[in-house]
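Only one structure is covered here, and it is reproduced in the block below.
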Amino acid sequence: MRPLLRSRPFMVCWLLSVAGTAATGFIPLFGGPGYESALAGGLMLPVLAAVATAVEVSDHPPLPSWGFVRGLETGAIFAFTGYVISLLHALHAGLCDVRTGTTLWMVGTLPGVLLGGVWGAAMGEIAGRILSTWRSRVVAILLAIVAPAACVLMSLWRFYSSPMVFAYDPFFGFFSGTLYDTVVSDSIGTLLTYRAGTLATLFACGAATTLMVRSGKGKLAFSHTRHPGVLWLAVASALASLVITAEGSRLGHWQSSDSIAEHLGGRVTNDRCDIVYPRSLRDDDAQLLLRDCSLQARAVAGFLEIEPQLVKVFVFANASQKRQLMGAADTSIAKPWRREVYVQASGYPHPVIGHEIAHVLAGTFARGPFRVAGSMGGWWPDPGLIEGLAVASSPDDDRLSAQQWAAAMSKIGILPPLSKVFALGFLSDNSSKSYTVAGAFVGWIRAAHGIEAVRKWYGGKSIEQATGKPMAELERSWLSDLGKLPLTEPALAYAKSKFDKPGVFKRRCPHAVDSLVAKGESFAAEGDCLGAAMTFGQASLLDPRDVASRLGLASCLPRLAGPDAARQQWQQIADDPGVSSAVHDRAMEAVADIDLVTGQAASAALIYDELLKTTFNEDRLRTLTIKARAAREPREARAVAELLIGAATRGPDPKLGYTLLGQWMAEVPDDGLPAYLIGRNLAQDGLWHDAATYLDEALRRRVPPGRVMRELLRQRIIVACAERDEETARSAWGRWKADPELPESRWISLERRLGACVR
């Protein structure tokens, strides 16, 4: 055979690989060794390596062993070239996590490109034996493409026919499946076991080629002069590959509904929800989850004005288990065409199960194989309309409604045009902005034109066909209505910090940074503050604008350098003009917390008071109210600190906090705050009966009107519904809803989740 550099098929395909890899490197997130560049290389390079080898072998059939070696050489050169180009892009765009990126290239991309070259050699042999020269090239190219294309189709079929959103593939390597789960490094271990199967296949092919010789007529024949150990190596390698393939479910390479159900182990069902849940979940919690799911499904069906239908819900114990079994860690997923949703266990009422059920129920009036909104008969999804309908059907429990948040975005100049929201541009902004704007507009369409217009739009009609008006006119009317909504300055400032953030495609090194932040948080949870600080510091070096790493690093300093150094660091963050108002307030609250636990209560009280004037988030405001009161009451300060803050050089101690709260209850018999704090924490742990006892005790005592009383009543409603005490729930609901300062969005959200319990 000709030297590689004198082979025209090799040079043409190599230049195509160089051009393709170089071009993709200019796309954000693809500029350097990493998950995206490795995936792009895995999709492109094996095909080109297969084509180059197949054409060359079909022209000049060599010994099988030489064809095998030529396939490996071609694949290795293509993979090495692609990796070098990605490194050059990294030098231009900035290095992120070269070690993980290199691992993904070496473990994910390289074996697939080698396999592509070997596959091409085999297909070139077949094409060269059965057809004349010019036809053999065409057939060789087609056969070379067959296996990589078939594997992609197999991955797509698994996505369609199973809960999986991830894919492990012999050619392209690894696909994580979700855009918003940026941490992919934890899948490398599973990728290694998968690639052990690929290497076993290559060993089997290599050993098999050494057993074949070419006869005088050019035909292949079995050699009787080879060492018998080579045959056994081929057989053993082939068996190893088959075993790894057969055990793919156990190894995490693929899953099915049955394998996931077997792994989780628990199941409860009724006429609306069929829930598969982990055995670690208590039986009474599973029954509560079933009731919760049923009520939320009924509420969503009522919003859509359709009959409730049975939905299968897979509930995972945590993000790690969810990642392992179906591919999405922190991202909840629905597959409307399978009538299935995939969430992880959470509190009652579940915060996202209604949103995901909305995707499934909306599929009853959608078109196409995926039963989602989209053009081309539903084959080209519209993510804005898909998510917007779910947000409108199951609104978040937030201080402002989606309409009010959209109005705030409009006032501060960050509201994206609807032409971007209801297109693939939806994915370019951060998820909170895109979801909120889409939900606000779909909700407005329902209010202005009725649910039938929404269903027609979702079902494939244009917005003009569904409403009788063009999008531009509808957008003007919507913006006009948004402009009439009153908003406070703290609301506008909070909206800017919440929504004016870059999406994943605009962030620097999101995979590496988020992986380091997750690792740092894990270290901190284990008490290893030195390891956490070093890890957060690495993340900050990669992206100095990353907020989570800066806050995590500051949180570690009390144990590492003492409270004074920590206070100084928090103050520097607060004084940074580049941080948002929410980050500034978070930093100043940390400064006040340090003052409170180090005996400077007067200074802490002043800071808390200032934050109460500027903070907008309801949960933060309530916590600040309690801390501000504790800063002025020495009897309360330590109990509140142990429950919410901790001591100067350690975190909170709930056991000690509960003890001190009990003493507080005994010493001040008319004060309801300690009973509320105990009851709320018990409710969050699902201890409903005990939570009810303490919350009722708080209601019998003195609790100041305002934020704490509103949350006390809200918790009492939730606990009563969990215990099926509808009389108490409705009584507390009446008092809660009568509060003139209660935001309408909060009671609407809770009513959608609790349903008949409070109606």
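We name chains A, B, ... following the order of the structure tokens; residues begin at 1 in each chain, and ligands are numbered from 1 as shown.
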What lies within 7 Å of Ala466 of chain A using only C-alpha atoms, ignoring chain neighbours under 4 positions off, as a list in words? Ala453, Lys456, Trp457, Lys461 and Ser462 of chain A
Selected residues written out with N, CA and C atoms, as a compact mmCIF listing (two decimals), in the first residue's frame:
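Result went into again.txt, see below:
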```txt
# COMPACT_ATOMS: atom_id res chain seq x y z
N ALA A 453 -56.99 28.77 21.64
CA ALA A 453 -55.95 29.37 20.81
C ALA A 453 -54.59 28.80 21.17
N LYS A 456 -54.34 25.27 19.72
CA LYS A 456 -54.10 25.29 18.27
C LYS A 456 -52.65 25.64 17.97
N TRP A 457 -52.13 26.64 18.66
CA TRP A 457 -50.74 27.04 18.45
C TRP A 457 -49.80 25.89 18.80
N LYS A 461 -50.57 24.97 14.49
CA LYS A 461 -51.01 26.16 13.77
C LYS A 461 -50.05 27.32 14.06
N SER A 462 -49.97 28.26 13.13
CA SER A 462 -49.18 29.45 13.40
C SER A 462 -49.90 30.30 14.43
```
Using DSSP assignments from the backbone, pull out every residue in segment 34-233 of chain A that falls under helix (DSSP H, G or I) and give it to me as number ranges by chain. A: 35-59, 64-93, 98-130, 133-161, 185-210, 228-233
Prev. selection, C-alpha atoms, output as a compact mmCIF listing (two decimals), in the first residue's frame:
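Okay, this is what ended up in out23.txt:
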```
# COMPACT_ATOMS: atom_id res chain seq x y z
CA TYR A 35 -16.97 17.53 26.27
CA GLU A 36 -18.39 19.43 23.28
CA SER A 37 -15.25 19.25 21.14
CA ALA A 38 -14.81 15.54 21.95
CA LEU A 39 -18.43 14.88 20.96
CA ALA A 40 -18.04 16.86 17.71
CA GLY A 41 -14.86 14.94 16.93
CA GLY A 42 -16.59 11.66 17.71
CA LEU A 43 -19.41 12.43 15.30
CA MET A 44 -17.16 13.57 12.45
CA LEU A 45 -13.77 11.84 12.58
CA PRO A 46 -14.77 8.13 12.69
CA VAL A 47 -16.79 8.60 9.48
CA LEU A 48 -13.91 10.30 7.69
CA ALA A 49 -11.40 7.71 8.92
CA ALA A 50 -13.72 4.92 7.76
CA VAL A 51 -14.20 6.48 4.33
CA ALA A 52 -10.48 7.14 3.80
CA THR A 53 -9.50 3.59 4.74
CA ALA A 54 -12.38 1.95 2.86
CA VAL A 55 -11.57 3.71 -0.44
CA GLU A 56 -7.87 2.96 -0.15
CA VAL A 57 -8.37 -0.72 0.70
CA SER A 58 -10.97 -1.17 -2.06
CA ASP A 59 -8.44 0.16 -4.60
CA PRO A 64 -6.09 -8.22 6.17
CA SER A 65 -3.58 -7.50 8.93
CA TRP A 66 -2.16 -4.61 6.89
CA GLY A 67 -5.64 -3.24 6.29
CA PHE A 68 -6.28 -3.41 10.03
CA VAL A 69 -3.04 -1.55 10.78
CA ARG A 70 -3.80 1.05 8.10
CA GLY A 71 -7.21 1.65 9.69
CA LEU A 72 -5.59 2.15 13.09
CA GLU A 73 -2.98 4.51 11.62
CA THR A 74 -5.60 6.56 9.84
CA GLY A 75 -7.80 6.77 12.92
CA ALA A 76 -4.92 7.69 15.19
CA ILE A 77 -3.73 10.48 12.90
CA PHE A 78 -7.24 11.90 12.49
CA ALA A 79 -7.87 11.82 16.25
CA PHE A 80 -4.46 13.31 17.08
CA THR A 81 -4.96 16.09 14.53
CA GLY A 82 -8.39 16.93 15.92
CA TYR A 83 -7.03 17.05 19.46
CA VAL A 84 -4.14 19.33 18.45
CA ILE A 85 -6.54 21.69 16.68
CA SER A 86 -8.72 21.80 19.79
CA LEU A 87 -5.62 22.67 21.83
CA LEU A 88 -4.82 25.50 19.42
CA HIS A 89 -8.34 26.82 19.85
CA ALA A 90 -7.88 26.61 23.62
CA LEU A 91 -4.73 28.73 23.40
CA HIS A 92 -6.81 31.35 21.60
CA ALA A 93 -9.97 31.13 23.72
CA VAL A 98 -7.25 20.38 29.88
CA ARG A 99 -6.95 17.19 31.92
CA THR A 100 -10.64 16.32 31.75
CA GLY A 101 -10.86 17.49 28.14
CA THR A 102 -7.88 15.36 27.18
CA THR A 103 -9.39 12.37 28.98
CA LEU A 104 -12.63 12.78 27.04
CA TRP A 105 -10.69 12.93 23.77
CA MET A 106 -8.49 9.95 24.60
CA VAL A 107 -11.23 7.79 26.10
CA GLY A 108 -14.27 9.05 24.24
CA THR A 109 -13.09 10.10 20.78
CA LEU A 110 -9.85 8.21 20.03
CA PRO A 111 -11.18 4.62 20.36
CA GLY A 112 -14.16 5.51 18.19
CA VAL A 113 -11.94 6.95 15.45
CA LEU A 114 -9.70 3.86 15.60
CA LEU A 115 -12.79 1.69 15.29
CA GLY A 116 -13.92 3.81 12.34
CA GLY A 117 -10.65 3.18 10.55
CA VAL A 118 -10.84 -0.58 11.18
CA TRP A 119 -14.48 -0.68 10.06
CA GLY A 120 -13.48 1.16 6.87
CA ALA A 121 -10.78 -1.44 6.17
CA ALA A 122 -13.32 -4.25 6.44
CA MET A 123 -15.81 -2.46 4.18
CA GLY A 124 -13.10 -1.66 1.64
CA GLU A 125 -12.21 -5.35 1.50
CA ILE A 126 -15.84 -6.25 0.81
CA ALA A 127 -16.32 -3.53 -1.83
CA GLY A 128 -13.07 -4.35 -3.59
CA ARG A 129 -13.93 -8.04 -3.92
CA ILE A 130 -17.41 -7.71 -5.42
CA THR A 133 -12.71 -0.27 -9.33
CA TRP A 134 -14.87 2.87 -9.77
CA ARG A 135 -17.96 1.21 -8.41
CA SER A 136 -16.05 -0.25 -5.50
CA ARG A 137 -15.14 3.25 -4.33
CA VAL A 138 -18.76 4.36 -4.25
CA VAL A 139 -19.84 1.20 -2.46
CA ALA A 140 -16.86 1.45 -0.08
CA ILE A 141 -17.87 4.99 0.89
CA LEU A 142 -21.49 3.96 1.44
CA LEU A 143 -20.54 0.90 3.47
CA ALA A 144 -18.06 2.94 5.54
CA ILE A 145 -20.82 5.34 6.54
CA VAL A 146 -23.31 2.59 7.38
CA ALA A 147 -22.06 1.56 10.84
CA PRO A 148 -21.48 5.07 12.31
CA ALA A 149 -24.85 6.20 10.94
CA ALA A 150 -26.57 3.06 12.23
CA CYS A 151 -25.11 3.61 15.70
CA VAL A 152 -26.38 7.20 15.76
CA LEU A 153 -29.80 5.92 14.71
CA MET A 154 -29.63 3.29 17.45
CA SER A 155 -28.89 6.01 20.05
CA LEU A 156 -31.80 8.07 18.73
CA TRP A 157 -34.05 5.02 18.94
CA ARG A 158 -33.00 4.41 22.54
CA PHE A 159 -33.77 8.04 23.33
CA TYR A 160 -37.19 7.61 21.78
CA SER A 161 -38.02 4.14 23.15
CA SER A 185 -16.88 14.63 34.40
CA ASP A 186 -18.67 12.19 36.71
CA SER A 187 -19.56 10.07 33.66
CA ILE A 188 -15.94 9.34 32.77
CA GLY A 189 -15.84 6.21 34.96
CA THR A 190 -18.77 4.69 33.06
CA LEU A 191 -17.18 5.75 29.77
CA LEU A 192 -14.02 3.83 30.73
CA THR A 193 -15.94 0.58 31.21
CA TYR A 194 -17.73 1.19 27.91
CA ARG A 195 -14.45 1.77 26.09
CA ALA A 196 -13.09 -1.46 27.55
CA GLY A 197 -15.65 -3.13 25.28
CA THR A 198 -14.45 -1.06 22.30
CA LEU A 199 -10.85 -2.07 22.92
CA ALA A 200 -11.88 -5.72 23.27
CA THR A 201 -13.57 -5.43 19.87
CA LEU A 202 -10.42 -3.94 18.36
CA PHE A 203 -8.28 -6.72 19.88
CA ALA A 204 -10.64 -9.33 18.47
CA CYS A 205 -10.51 -7.74 15.00
CA GLY A 206 -6.74 -7.41 15.08
CA ALA A 207 -6.22 -11.01 16.17
CA ALA A 208 -8.69 -12.24 13.56
CA THR A 209 -6.92 -10.44 10.72
CA THR A 210 -3.62 -12.16 11.54
CA PRO A 228 -3.05 -21.14 18.01
CA GLY A 229 -2.89 -18.63 20.86
CA VAL A 230 -3.89 -15.90 18.39
CA LEU A 231 -7.18 -17.67 17.74
CA TRP A 232 -7.89 -17.93 21.44
CA LEU A 233 -7.01 -14.23 21.86
```
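As for atom CA of Thr467 of chain A and atom CA of Leu385 of chain A, they are spaced 14.8 Å apart.
Proximity of A:Ser257, A:Asn318, A:Thr659, A:Ser410 to Leu487 of chain A, computed with only C-alpha atoms, is greatest for A:Ser410.
Closest approach to Gly374 of chain A among A:Ala301, A:Ile463, A:Ala554, A:Val315 is made by A:Ile463 (distances from only C-alpha atoms).
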Do a neighbour search on Pro743 of chain A at 8 Å with only C-alpha atoms, toss out local chain neighbours closer than 4 positions, and write the hits as an mmCIF file with N, CA and C atoms, in the first residue's frame.
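Output (result24.cif):
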```cif
data_model
loop_
_atom_site.group_PDB
_atom_site.id
_atom_site.type_symbol
_atom_site.label_atom_id
_atom_site.label_comp_id
_atom_site.auth_asym_id
_atom_site.auth_seq_id
_atom_site.Cartn_x
_atom_site.Cartn_y
_atom_site.Cartn_z
ATOM 1 N N ARG A 399 -42.523 35.377 44.524
ATOM 2 C CA ARG A 399 -43.157 36.608 44.983
ATOM 3 C C ARG A 399 -43.843 37.352 43.845
ATOM 4 N N LEU A 400 -43.309 37.243 42.636
ATOM 5 C CA LEU A 400 -43.928 37.850 41.463
ATOM 6 C C LEU A 400 -44.367 36.762 40.502
ATOM 7 N N TRP A 747 -50.305 32.484 46.413
ATOM 8 C CA TRP A 747 -51.462 31.642 46.735
ATOM 9 C C TRP A 747 -51.972 30.913 45.500
#
```
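You can rank A:Ala19, A:Ala423, A:Ala390, A:Val708 by their closest distance to Asp619 of chain A using only C-alpha atoms, and at the top of that list sits A:Val708.
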Segment 633-647 of chain A surroundings by only C-alpha atoms, 10 Å radius, close-in-sequence under 3 positions cut, as JSON, numbers by chain: {"A": [558, 563, 590, 593, 594, 596, 597, 598, 599, 601, 623, 626, 627, 628, 629, 630, 650, 651, 652, 653, 654, 655, 656, 657, 658, 659, 660, 661, 662, 663, 664, 667, 668, 673, 674, 677, 678, 681]}
Go ahead and dump the residues you just picked, C-alpha atoms, as a PDB file, in the first residue's frame.
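Wrote part_10.pdb, looks like this:
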```pdb
ATOM      1  CA  PRO A 558     -13.945  31.351  59.020  1.00  0.00           C
ATOM      2  CA  PRO A 563     -13.840  35.307  61.365  1.00  0.00           C
ATOM      3  CA  ALA A 590     -22.651  37.116  55.769  1.00  0.00           C
ATOM      4  CA  ASP A 593     -23.820  36.923  60.526  1.00  0.00           C
ATOM      5  CA  ILE A 594     -20.162  37.051  61.534  1.00  0.00           C
ATOM      6  CA  LEU A 596     -23.772  38.388  65.357  1.00  0.00           C
ATOM      7  CA  VAL A 597     -21.835  35.244  66.336  1.00  0.00           C
ATOM      8  CA  THR A 598     -18.747  37.208  67.447  1.00  0.00           C
ATOM      9  CA  GLY A 599     -20.643  39.407  69.891  1.00  0.00           C
ATOM     10  CA  ALA A 601     -24.864  42.352  67.807  1.00  0.00           C
ATOM     11  CA  THR A 623     -34.801  35.065  57.527  1.00  0.00           C
ATOM     12  CA  ILE A 626     -35.710  36.719  62.403  1.00  0.00           C
ATOM     13  CA  LYS A 627     -31.985  37.521  62.501  1.00  0.00           C
ATOM     14  CA  ALA A 628     -32.612  41.238  63.053  1.00  0.00           C
ATOM     15  CA  ARG A 629     -34.844  40.430  65.995  1.00  0.00           C
ATOM     16  CA  ALA A 630     -32.267  37.998  67.418  1.00  0.00           C
ATOM     17  CA  ARG A 650     -18.182  26.151  62.304  1.00  0.00           C
ATOM     18  CA  GLY A 651     -21.546  25.719  60.674  1.00  0.00           C
ATOM     19  CA  PRO A 652     -24.996  25.378  62.276  1.00  0.00           C
ATOM     20  CA  ASP A 653     -25.643  22.676  64.882  1.00  0.00           C
ATOM     21  CA  PRO A 654     -29.355  21.764  64.586  1.00  0.00           C
ATOM     22  CA  LYS A 655     -29.348  19.540  67.685  1.00  0.00           C
ATOM     23  CA  LEU A 656     -28.001  22.314  69.867  1.00  0.00           C
ATOM     24  CA  GLY A 657     -30.309  24.750  68.091  1.00  0.00           C
ATOM     25  CA  TYR A 658     -33.388  22.659  68.932  1.00  0.00           C
ATOM     26  CA  THR A 659     -32.275  22.412  72.569  1.00  0.00           C
ATOM     27  CA  LEU A 660     -31.907  26.173  72.830  1.00  0.00           C
ATOM     28  CA  LEU A 661     -35.262  26.725  71.098  1.00  0.00           C
ATOM     29  CA  GLY A 662     -36.894  24.408  73.641  1.00  0.00           C
ATOM     30  CA  GLN A 663     -35.393  26.442  76.487  1.00  0.00           C
ATOM     31  CA  TRP A 664     -36.625  29.620  74.824  1.00  0.00           C
ATOM     32  CA  GLU A 667     -38.678  30.664  79.435  1.00  0.00           C
ATOM     33  CA  VAL A 668     -41.019  32.841  77.325  1.00  0.00           C
ATOM     34  CA  LEU A 673     -41.310  32.192  67.254  1.00  0.00           C
ATOM     35  CA  PRO A 674     -39.326  29.229  68.694  1.00  0.00           C
ATOM     36  CA  LEU A 677     -38.907  27.494  63.906  1.00  0.00           C
ATOM     37  CA  ILE A 678     -39.083  23.958  65.300  1.00  0.00           C
ATOM     38  CA  ASN A 681     -37.913  22.363  60.285  1.00  0.00           C
TER      39      ASN A 681
END
```
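Between atom CA of Pro336 of chain A and atom CA of Gly363 of chain A the separation is 5.5 Å.
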Run DSSP on the backbone and grab whatever in segment 339-397 of chain A lands in strand (DSSP E or B); send it over as a VMD selection string. chain A and resid 340 to 344 367 372 374 to 375 380 to 381
Dump N, CA and C atoms for the selected residues as an mmCIF file, in the first residue's frame?
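Dumped to selection-v5.cif:
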```
data_model
loop_
_atom_site.group_PDB
_atom_site.id
_atom_site.type_symbol
_atom_site.label_atom_id
_atom_site.label_comp_id
_atom_site.auth_asym_id
_atom_site.auth_seq_id
_atom_site.Cartn_x
_atom_site.Cartn_y
_atom_site.Cartn_z
ATOM 1 N N GLU A 340 -44.276 9.816 30.131
ATOM 2 C CA GLU A 340 -43.426 9.604 31.299
ATOM 3 C C GLU A 340 -42.741 10.897 31.698
ATOM 4 N N VAL A 341 -42.512 11.065 33.015
ATOM 5 C CA VAL A 341 -41.701 12.169 33.527
ATOM 6 C C VAL A 341 -40.670 11.598 34.486
ATOM 7 N N TYR A 342 -39.561 12.339 34.650
ATOM 8 C CA TYR A 342 -38.433 11.866 35.439
ATOM 9 C C TYR A 342 -37.981 13.007 36.355
ATOM 10 N N VAL A 343 -38.215 12.839 37.646
ATOM 11 C CA VAL A 343 -37.900 13.871 38.637
ATOM 12 C C VAL A 343 -37.171 13.204 39.801
ATOM 13 N N GLN A 344 -36.640 14.009 40.698
ATOM 14 C CA GLN A 344 -36.046 13.454 41.908
ATOM 15 C C GLN A 344 -36.893 13.849 43.112
ATOM 16 N N ARG A 367 -48.579 17.497 17.748
ATOM 17 C CA ARG A 367 -48.370 16.645 16.577
ATOM 18 C C ARG A 367 -46.985 16.012 16.633
ATOM 19 N N VAL A 372 -44.841 17.201 20.844
ATOM 20 C CA VAL A 372 -44.487 18.510 21.388
ATOM 21 C C VAL A 372 -44.778 19.570 20.333
ATOM 22 N N GLY A 374 -44.062 22.383 17.650
ATOM 23 C CA GLY A 374 -42.965 22.550 16.716
ATOM 24 C C GLY A 374 -43.452 22.639 15.293
ATOM 25 N N SER A 375 -42.554 23.035 14.420
ATOM 26 C CA SER A 375 -42.869 23.143 13.004
ATOM 27 C C SER A 375 -42.546 21.830 12.296
ATOM 28 N N TRP A 380 -39.585 19.560 14.269
ATOM 29 C CA TRP A 380 -38.630 20.610 14.662
ATOM 30 C C TRP A 380 -39.201 21.321 15.885
ATOM 31 N N PRO A 381 -38.759 20.946 17.096
ATOM 32 C CA PRO A 381 -39.396 21.447 18.322
ATOM 33 C C PRO A 381 -39.243 22.960 18.496
#
```
Neighbouring residues of Leu288 of chain A were defined as those with any atom within 10 Å, considering only C-alpha atoms; residues of the same chain fewer than 5 positions away were excluded. Please report them as an MDAnalysis selection string. chainID A and resid 282:283 293:294 348:349 721:724
Would you export the selected residues with C-alpha atoms as a tab-separated table (two decimals), in the first residue's frame, please?
```tsv
chain	number	residue	atom	x	y	z
A	282	ARG	CA	-41.01	5.55	53.21
A	283	ASP	CA	-44.36	3.99	52.36
A	293	CYS	CA	-49.03	13.93	41.79
A	294	SER	CA	-52.72	13.22	41.29
A	348	TYR	CA	-44.33	18.31	49.62
A	349	PRO	CA	-45.93	19.61	47.51
A	721	CYS	CA	-52.95	18.76	53.64
A	722	ALA	CA	-50.19	16.20	54.14
A	723	GLU	CA	-52.21	14.76	57.04
A	724	ARG	CA	-55.50	15.03	55.11
```
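Remark: for His511 of chain A, the closest of the candidate residues A:Cys529, A:Ala675, A:Ala539, A:Val421 is A:Ala539 (distances computed over only C-alpha atoms).
Residues within 8 Å of Ala732 of chain A, counting only C-alpha atoms and excluding same-chain residues fewer than 5 positions away, are Leu713, Arg714, Arg716 and Ile717 of chain A.
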Just to be explicit: take each residue in the selection above, keep N, CA and C atoms, and write the result as a PDB file, in the first residue's frame.
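Listing of out36.pdb after writing:
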```pdb
ATOM      1  N   LEU A 713     -48.581  30.304  58.658  1.00  0.00           N
ATOM      2  CA  LEU A 713     -49.859  29.837  58.129  1.00  0.00           C
ATOM      3  C   LEU A 713     -49.653  28.960  56.890  1.00  0.00           C
ATOM      4  N   ARG A 714     -48.713  29.340  56.052  1.00  0.00           N
ATOM      5  CA  ARG A 714     -48.449  28.530  54.851  1.00  0.00           C
ATOM      6  C   ARG A 714     -47.979  27.132  55.234  1.00  0.00           C
ATOM      7  N   ARG A 716     -48.598  25.619  57.992  1.00  0.00           N
ATOM      8  CA  ARG A 716     -49.710  24.892  58.620  1.00  0.00           C
ATOM      9  C   ARG A 716     -50.660  24.338  57.568  1.00  0.00           C
ATOM     10  N   ILE A 717     -50.863  25.079  56.491  1.00  0.00           N
ATOM     11  CA  ILE A 717     -51.706  24.590  55.393  1.00  0.00           C
ATOM     12  C   ILE A 717     -51.094  23.328  54.786  1.00  0.00           C
TER      13      ILE A 717
END
```
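The coordinates place atom CA of Ala692 of chain A at 29.0 Å from atom CA of Val313 of chain A.
Here the question is which of A:Gly562, A:Gly252, A:Pro544, A:Gly384 gets nearest to Ala648 of chain A using only C-alpha atoms, and that residue is A:Gly562.
Nearest to Trp405 of chain A of all the residues A:Ala493, A:Leu389, A:Val12, A:Ile275 is A:Ala493, counting only C-alpha atoms.
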Just want the 12 Å neighbourhood of Pro704 of chain A, counted on only C-alpha atoms, with same-chain residues fewer than 5 positions away dropped. Output as a compact mmCIF listing (two decimals) with N, CA and C atoms, in the first residue's frame.
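Output below, filename result_5.txt:
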```txt
# COMPACT_ATOMS: atom_id res chain seq x y z
N ARG A 622 -37.71 36.99 55.20
CA ARG A 622 -38.19 36.37 56.44
C ARG A 622 -37.01 35.99 57.34
N THR A 625 -35.60 39.07 58.90
CA THR A 625 -36.47 39.56 59.97
C THR A 625 -36.15 38.84 61.28
N ILE A 626 -36.00 37.52 61.20
CA ILE A 626 -35.71 36.72 62.40
C ILE A 626 -34.32 37.05 62.94
N ARG A 629 -34.25 40.50 64.65
CA ARG A 629 -34.84 40.43 66.00
C ARG A 629 -33.87 39.77 66.97
N ASP A 670 -45.27 32.99 76.09
CA ASP A 670 -46.20 33.60 75.14
C ASP A 670 -45.56 33.87 73.78
N ASP A 671 -44.29 33.50 73.59
CA ASP A 671 -43.58 33.77 72.33
C ASP A 671 -43.74 32.57 71.39
N GLY A 672 -44.30 32.80 70.21
CA GLY A 672 -44.53 31.71 69.27
C GLY A 672 -43.40 31.47 68.29
N LEU A 673 -42.37 32.33 68.25
CA LEU A 673 -41.31 32.19 67.25
C LEU A 673 -40.53 30.89 67.40
N TYR A 676 -42.54 28.03 66.07
CA TYR A 676 -42.61 28.10 64.60
C TYR A 676 -41.34 27.54 63.97
N ALA A 698 -47.35 27.45 68.07
CA ALA A 698 -46.94 28.80 67.66
C ALA A 698 -48.16 29.69 67.41
N LEU A 699 -49.20 29.13 66.80
CA LEU A 699 -50.40 29.91 66.53
C LEU A 699 -51.15 30.28 67.80
N MET A 709 -45.61 35.34 60.24
CA MET A 709 -46.96 34.82 60.37
C MET A 709 -47.45 34.23 59.05
N ARG A 710 -47.14 34.90 57.93
CA ARG A 710 -47.55 34.35 56.63
C ARG A 710 -46.93 32.99 56.39
N GLU A 711 -45.65 32.84 56.71
CA GLU A 711 -45.00 31.54 56.50
C GLU A 711 -45.51 30.51 57.49
N LEU A 712 -45.82 30.92 58.71
CA LEU A 712 -46.39 30.00 59.69
C LEU A 712 -47.72 29.44 59.18
```
